[in-house]
$ cat my_file_28.tsv   # TSV, C-alpha atoms
chain	number	residue	atom	x	y	z
N	1	MET	CA	0.00	0.00	0.00
N	2	GLU	CA	1.44	3.37	-1.01
N	3	SER	CA	2.22	6.00	1.56
N	4	LEU	CA	0.19	9.13	0.77
N	5	PHE	CA	0.94	12.46	2.46
N	6	LEU	CA	-0.54	15.95	2.33
N	7	VAL	CA	1.90	18.87	2.61
N	8	ALA	CA	0.18	22.25	2.84
N	9	GLY	CA	1.75	25.69	2.89
N	10	LEU	CA	-0.36	28.50	4.32
N	11	GLY	CA	-0.64	32.04	3.05
N	12	ASN	CA	-2.95	34.51	1.36
N	13	PRO	CA	-3.65	34.26	-2.37
N	14	GLY	CA	-3.10	37.02	-4.91
N	15	SER	CA	-0.26	39.25	-6.01
N	16	ASP	CA	-0.98	41.81	-3.28
N	17	TYR	CA	0.17	39.28	-0.66
N	18	SER	CA	2.94	37.63	-2.63
N	19	HIS	CA	6.29	37.32	-0.83
N	20	ARG	CA	5.03	38.89	2.37
N	21	ARG	CA	5.97	37.46	5.78
N	22	HIS	CA	2.57	35.82	6.31
N	23	ASN	CA	3.13	33.86	3.07
N	24	ALA	CA	6.26	32.09	4.27
N	25	GLY	CA	4.33	28.80	4.13
N	26	PHE	CA	3.50	29.33	0.46
N	27	MET	CA	7.11	30.22	-0.34
N	28	ALA	CA	8.51	27.19	1.45
N	29	VAL	CA	6.19	24.69	-0.22
N	30	GLU	CA	6.90	26.29	-3.60
N	31	GLU	CA	10.64	25.88	-2.96
N	32	PHE	CA	10.06	22.21	-2.17
N	33	ALA	CA	7.78	21.77	-5.19
N	34	GLU	CA	10.38	23.29	-7.51
N	35	LYS	CA	13.03	20.91	-6.19
N	36	PHE	CA	10.87	17.94	-7.20
N	37	GLU	CA	9.46	19.55	-10.36
N	38	ALA	CA	5.84	19.50	-9.22
N	39	ARG	CA	3.15	20.78	-11.54
N	40	TRP	CA	0.52	22.97	-9.94
N	41	LYS	CA	-3.10	23.43	-10.94
N	42	GLN	CA	-5.97	25.47	-9.58
N	43	ASP	CA	-8.61	23.12	-8.19
N	44	ALA	CA	-11.87	24.96	-7.60
N	45	LYS	CA	-13.39	21.88	-5.94
N	46	PHE	CA	-10.94	22.20	-3.06
N	47	GLN	CA	-10.43	26.00	-3.19
N	48	ALA	CA	-6.70	25.39	-3.54
N	49	ARG	CA	-3.66	25.17	-5.76
N	50	VAL	CA	-2.79	21.50	-5.81
N	51	GLY	CA	0.34	19.69	-6.95
N	52	ARG	CA	1.74	16.17	-6.84
N	53	VAL	CA	5.24	14.81	-6.32
N	54	THR	CA	6.85	11.50	-5.45
N	55	VAL	CA	9.64	11.54	-2.88
N	56	GLY	CA	11.17	8.11	-2.36
N	57	ALA	CA	8.30	5.81	-1.44
N	58	ALA	CA	6.02	8.72	-0.49
N	59	LYS	CA	3.31	10.01	-2.78
N	60	VAL	CA	2.66	13.62	-1.88
N	61	ILE	CA	-0.27	15.95	-2.46
N	62	LEU	CA	0.86	19.58	-2.21
N	63	CYS	CA	-1.66	22.25	-1.29
N	64	GLU	CA	-1.85	26.02	-1.14
N	65	PRO	CA	-5.31	27.01	0.14
N	66	GLN	CA	-6.83	29.88	-1.82
N	67	THR	CA	-9.32	30.63	0.95
N	68	TYR	CA	-7.18	33.24	2.73
N	69	MET	CA	-5.20	32.29	5.78
N	70	ASN	CA	-7.92	32.35	8.42
N	71	SER	CA	-10.07	29.83	6.49
N	72	SER	CA	-7.30	27.39	5.51
N	73	GLY	CA	-9.16	24.42	6.98
N	74	GLU	CA	-11.97	24.88	4.44
N	75	ALA	CA	-9.52	23.74	1.74
N	76	ILE	CA	-7.30	21.29	3.61
N	77	ALA	CA	-9.95	19.20	5.38
N	78	PRO	CA	-11.96	18.36	2.22
N	79	LEU	CA	-8.74	17.58	0.32
N	80	ALA	CA	-7.55	15.25	3.08
N	81	GLY	CA	-10.97	13.65	3.25
N	82	PHE	CA	-11.15	13.05	-0.50
N	83	TYR	CA	-7.76	11.30	-0.57
N	84	LYS	CA	-8.36	9.57	2.79
N	85	ILE	CA	-5.24	11.10	4.33
N	86	PRO	CA	-5.34	10.94	8.14
N	87	PRO	CA	-4.13	13.90	10.24
N	88	GLU	CA	-0.98	11.94	11.13
N	89	LYS	CA	0.12	12.19	7.49
N	90	ILE	CA	-0.54	15.91	7.10
N	91	LEU	CA	2.25	18.48	7.37
N	92	VAL	CA	1.30	22.17	7.53
N	93	VAL	CA	3.99	24.80	6.92
N	94	VAL	CA	3.27	28.19	8.50
N	95	ASP	CA	4.86	31.48	9.48
N	96	ASP	CA	5.41	32.18	13.17
N	97	ALA	CA	5.74	35.75	14.40
N	98	ASP	CA	7.04	34.62	17.79
N	99	LEU	CA	10.14	32.98	16.31
N	100	PRO	CA	13.03	35.06	14.96
N	101	LEU	CA	13.73	34.95	11.26
N	102	GLY	CA	15.92	31.93	10.55
N	103	GLN	CA	14.38	29.74	13.27
N	104	LEU	CA	12.57	26.49	12.31
N	105	ARG	CA	10.39	24.42	14.59
N	106	LEU	CA	8.76	21.17	13.44
N	107	ARG	CA	6.39	19.43	15.86
N	108	PRO	CA	4.09	16.38	15.48
N	109	GLY	CA	1.11	18.24	16.92
N	110	GLY	CA	0.22	20.70	19.64
N	111	SER	CA	-1.71	23.93	20.02
N	112	SER	CA	-2.32	26.52	17.33
N	113	GLY	CA	-0.42	29.11	19.37
N	114	GLY	CA	-2.97	31.69	18.27
N	115	HIS	CA	-2.25	31.16	14.57
N	116	HIS	CA	-5.62	31.54	12.86
N	117	GLY	CA	-4.68	29.32	9.93
N	118	LEU	CA	-3.85	26.43	12.26
N	119	GLU	CA	-7.00	27.11	14.28
N	120	SER	CA	-9.09	26.77	11.12
N	121	ILE	CA	-7.40	23.49	10.17
N	122	GLU	CA	-7.91	22.03	13.65
N	123	LYS	CA	-11.57	23.04	13.57
N	124	HIS	CA	-12.30	21.52	10.16
N	125	LEU	CA	-10.21	18.38	10.64
N	126	GLY	CA	-11.56	17.88	14.14
N	127	SER	CA	-8.01	17.12	15.23
N	128	SER	CA	-4.78	18.83	16.21
N	129	ASN	CA	-2.81	15.64	15.57
N	130	PHE	CA	-1.06	16.88	12.43
N	131	ALA	CA	2.54	18.00	12.03
N	132	ARG	CA	3.25	21.70	11.80
N	133	LEU	CA	6.48	23.29	10.65
N	134	ARG	CA	6.79	26.85	11.89
N	135	ILE	CA	9.03	29.34	10.08
N	136	GLY	CA	10.16	32.30	12.14
N	137	ILE	CA	9.33	35.65	10.57
N	138	GLY	CA	11.06	37.75	13.18
N	139	ARG	CA	8.63	39.93	15.08
N	140	THR	CA	10.58	42.36	17.26
N	141	GLU	CA	9.68	43.60	20.73
N	142	ARG	CA	8.50	46.98	19.51
N	143	GLU	CA	6.07	45.26	17.14
N	144	LEU	CA	4.41	43.06	19.74
N	145	ARG	CA	1.39	45.33	20.09
N	146	GLU	CA	0.64	45.53	16.40
N	147	ILE	CA	1.23	42.19	14.72
N	148	THR	CA	-0.90	42.66	11.59
N	149	GLY	CA	1.35	45.24	9.98
N	150	HIS	CA	4.39	43.07	10.63
N	151	VAL	CA	3.11	39.76	9.27
N	152	LEU	CA	1.62	41.41	6.20
N	153	GLY	CA	4.81	43.35	5.55
N	154	ARG	CA	7.50	42.42	3.07
N	155	PHE	CA	10.89	41.05	4.00
N	156	ALA	CA	13.52	43.75	4.23
N	157	ALA	CA	16.32	43.82	1.69
N	158	ASP	CA	18.89	42.74	4.28
N	159	GLU	CA	16.72	39.74	5.27
N	160	LYS	CA	16.38	38.23	1.81
N	161	SER	CA	19.67	36.33	1.72
N	162	LEU	CA	18.79	34.65	5.03
N	163	LEU	CA	15.26	33.97	3.79
N	164	ALA	CA	16.69	32.15	0.76
N	165	LYS	CA	18.71	29.88	3.06
N	166	VAL	CA	15.67	29.31	5.27
N	167	LEU	CA	13.50	28.24	2.35
N	168	GLU	CA	16.19	25.88	1.09
N	169	ARG	CA	16.51	24.34	4.55
N	170	VAL	CA	12.74	23.97	4.92
N	171	ALA	CA	12.61	22.12	1.59
N	172	GLY	CA	15.24	19.74	2.96
N	173	GLN	CA	13.32	19.31	6.19
N	174	ILE	CA	10.10	18.45	4.35
N	175	GLU	CA	12.00	15.88	2.27
N	176	CYS	CA	13.51	14.35	5.44
N	177	TYR	CA	10.07	14.22	7.08
N	178	LEU	CA	8.69	12.30	4.10
N	179	THR	CA	11.57	9.87	3.69
N	180	SER	CA	12.90	9.36	7.23
N	181	GLY	CA	10.09	10.39	9.58
N	182	ILE	CA	9.34	13.35	11.80
N	183	GLN	CA	11.77	12.56	14.61
N	184	LYS	CA	14.78	12.63	12.29
N	185	ALA	CA	13.46	15.75	10.53
N	186	MET	CA	13.12	17.46	13.90
N	187	SER	CA	16.54	16.49	15.21
N	188	GLN	CA	18.42	17.34	12.01
N	189	PHE	CA	16.69	20.57	10.98
N	190	ASN	CA	15.00	22.28	13.94
N	191	GLY	CA	16.76	25.38	15.23
N	192	ALA	CA	18.40	28.43	13.76
N	193	VAL	CA	19.56	28.74	10.18
N	194	ALA	CA	22.88	30.57	10.09
N	195	ALA	CA	22.82	33.91	8.31
N	196	PRO	CA	25.03	34.13	5.21
N	197	GLU	CA	28.37	35.76	5.81
N	198	LYS	CA	28.45	39.34	4.63
N	199	LYS	CA	31.02	40.03	1.96
N	200	GLU	CA	33.54	42.63	2.93
N	201	GLN	CA	33.38	45.79	0.89
N	202	LYS	CA	36.65	46.64	-0.80

$ encode --input "my_file_28.tsv" --output "C-alpha cells"
Amino acid sequence: MESLFLVAGLGNPGSDYSHRRHNAGFMAVEEFAEKFEARWKQDAKFQARVGRVTVGAAKVILCEPQTYMNSSGEAIAPLAGFYKIPPEKILVVVDDADLPLGQLRLRPGGSSGGHHGLESIEKHLGSSNFARLRIGIGRTERELREITGHVLGRFAADEKSLLAKVLERVAGQIECYLTSGIQKAMSQFNGAVAAPEKKEQK
C-alpha cells in the first residue's frame, strides 16, 4: 500500500500578498515543489492550488489554500478527506511571528499558538494531531502590540539572503520528514539557520 501524504503551505492568495511574511508557508512549499518539479493546478473543488510529487516511497499531495489564511481548513480538510489522508500524514507549513527569522520548529502536533490558519485546520479536521512546521518571521519587541502590519509586511532587503537559506533548509526538512520520519526531521533541521556571511566591501 502506497504512503500518501498531504503537505500544505499556508498564506494569502493574490499578487498583493505575494512574498510577504505571512506567506512564508507558500514560499517554502513552492521551494520544495520546484526541487521535485511539481506541476501545480488550480482546483476549484478544493479551493486550492494542488500539486503532486513522489519523494522516495512517499506520494505527496501539495496544497496552497486559496481561501485566505484564516479559512485554511476549508480547503485542507476536504482535500484530506477526499484522498483519505489521516491527520498523522498531514504536514502544515506556517509562518510564526514569535520565532526570529531563521528559526525552524517542526512538531508532530500541539496547540495553534494563536495562529488563525492552524485554528481553522484544527476546527475543520476535528483534530490537532497533524505536524506543523513553523518558520520564524522575526517579530521584534516593539512590534508586539501591532502584529498585523508586521506579518503582512515584506521582508527587508537585508533579510532576503537569510530567507533564501531558510526556504532551502525547509525544503530539505520536508524531504527528510517524508523519507525518514518526523523525529529525524526534527533532530536534524529544527533550530536556527545561520545567516550568510556578509562580503567585505573593498

$ residues_near_point --input "my_file_28.tsv" --point "(5.1, 27.7, 7.5)" --cutoff "10 Å" --atoms "all atoms listed in the file" --output "ChimeraX atom specification"
/N:8-11,21-29,91-96,104-106,132-137,167,170

$ atom_distance --input "my_file_28.tsv" --atom1 "atom CA of Ser180 of chain N" --atom2 "atom CA of Ala97 of chain N"
28.3 Å

$ residues_around --input "my_file_28.tsv" --residues "Gly172 of chain N" --least-positions-apart "4" --cutoff "8 Å" --atoms "only C-alpha atoms" --output "VMD selection string"
chain N and resid 32 168 176

$ axis_aligned_box --input "my_file_28.tsv" --around "segment 110-118 of chain N" --padding-each-side "8 Å" --output "JSON"
{"center_x": -2.7, "center_y": 26.2, "center_z": 15.0, "size_x": 21.8, "size_y": 27.0, "size_z": 26.1}

$ residues_around --input "my_file_28.tsv" --residues "Val7 of chain N" --least-positions-apart "5" --cutoff "7 Å" --atoms "only C-alpha atoms" --output "compact mmCIF listing (two decimals) with C-alpha atoms, keeping the file's coordinate frame"
# COMPACT_ATOMS: atom_id res chain seq x y z
CA VAL N 60 2.66 13.62 -1.88
CA ILE N 61 -0.27 15.95 -2.46
CA LEU N 62 0.86 19.58 -2.21
CA CYS N 63 -1.66 22.25 -1.29
CA ILE N 90 -0.54 15.91 7.10
CA LEU N 91 2.25 18.48 7.37
CA VAL N 92 1.30 22.17 7.53

$ residues_around --input "my_file_28.tsv" --residues "segment 157-163 of chain N" --least-positions-apart "4" --cutoff "9 Å" --atoms "all atoms listed in the file" --output "list in words"
Leu101, Gly102, Leu167, Glu168, Val193, Ala194, Ala195 and Pro196 of chain N

$ atom_distance --input "my_file_28.tsv" --atom1 "atom CA of Gly110 of chain N" --atom2 "atom CA of Ala58 of chain N"
24.1 Å

$ atom_distance --input "my_file_28.tsv" --atom1 "atom CA of Ser127 of chain N" --atom2 "atom CA of Pro87 of chain N"
7.1 Å

$ closest_residue --input "my_file_28.tsv" --among "N:Gly138, N:Glu64, N:Gln173, N:Asn129" --to "Gln103 of chain N" --atoms "all atoms listed in the file"
N:Gly138

$ closest_residue --input "my_file_28.tsv" --among "N:Gly113, N:Gly51, N:Gly191, N:Gly56" --to "Leu178 of chain N" --atoms "all atoms listed in the file"
N:Gly56

$ residues_around --input "my_file_28.tsv" --residues "Asn12 of chain N" --least-positions-apart "2" --cutoff "8 Å" --atoms "all atoms listed in the file" --output "list in words"
Leu10, Gly14, Tyr17, Ser18, His22, Asn23, Pro65, Gln66, Thr67, Tyr68 and Met69 of chain N
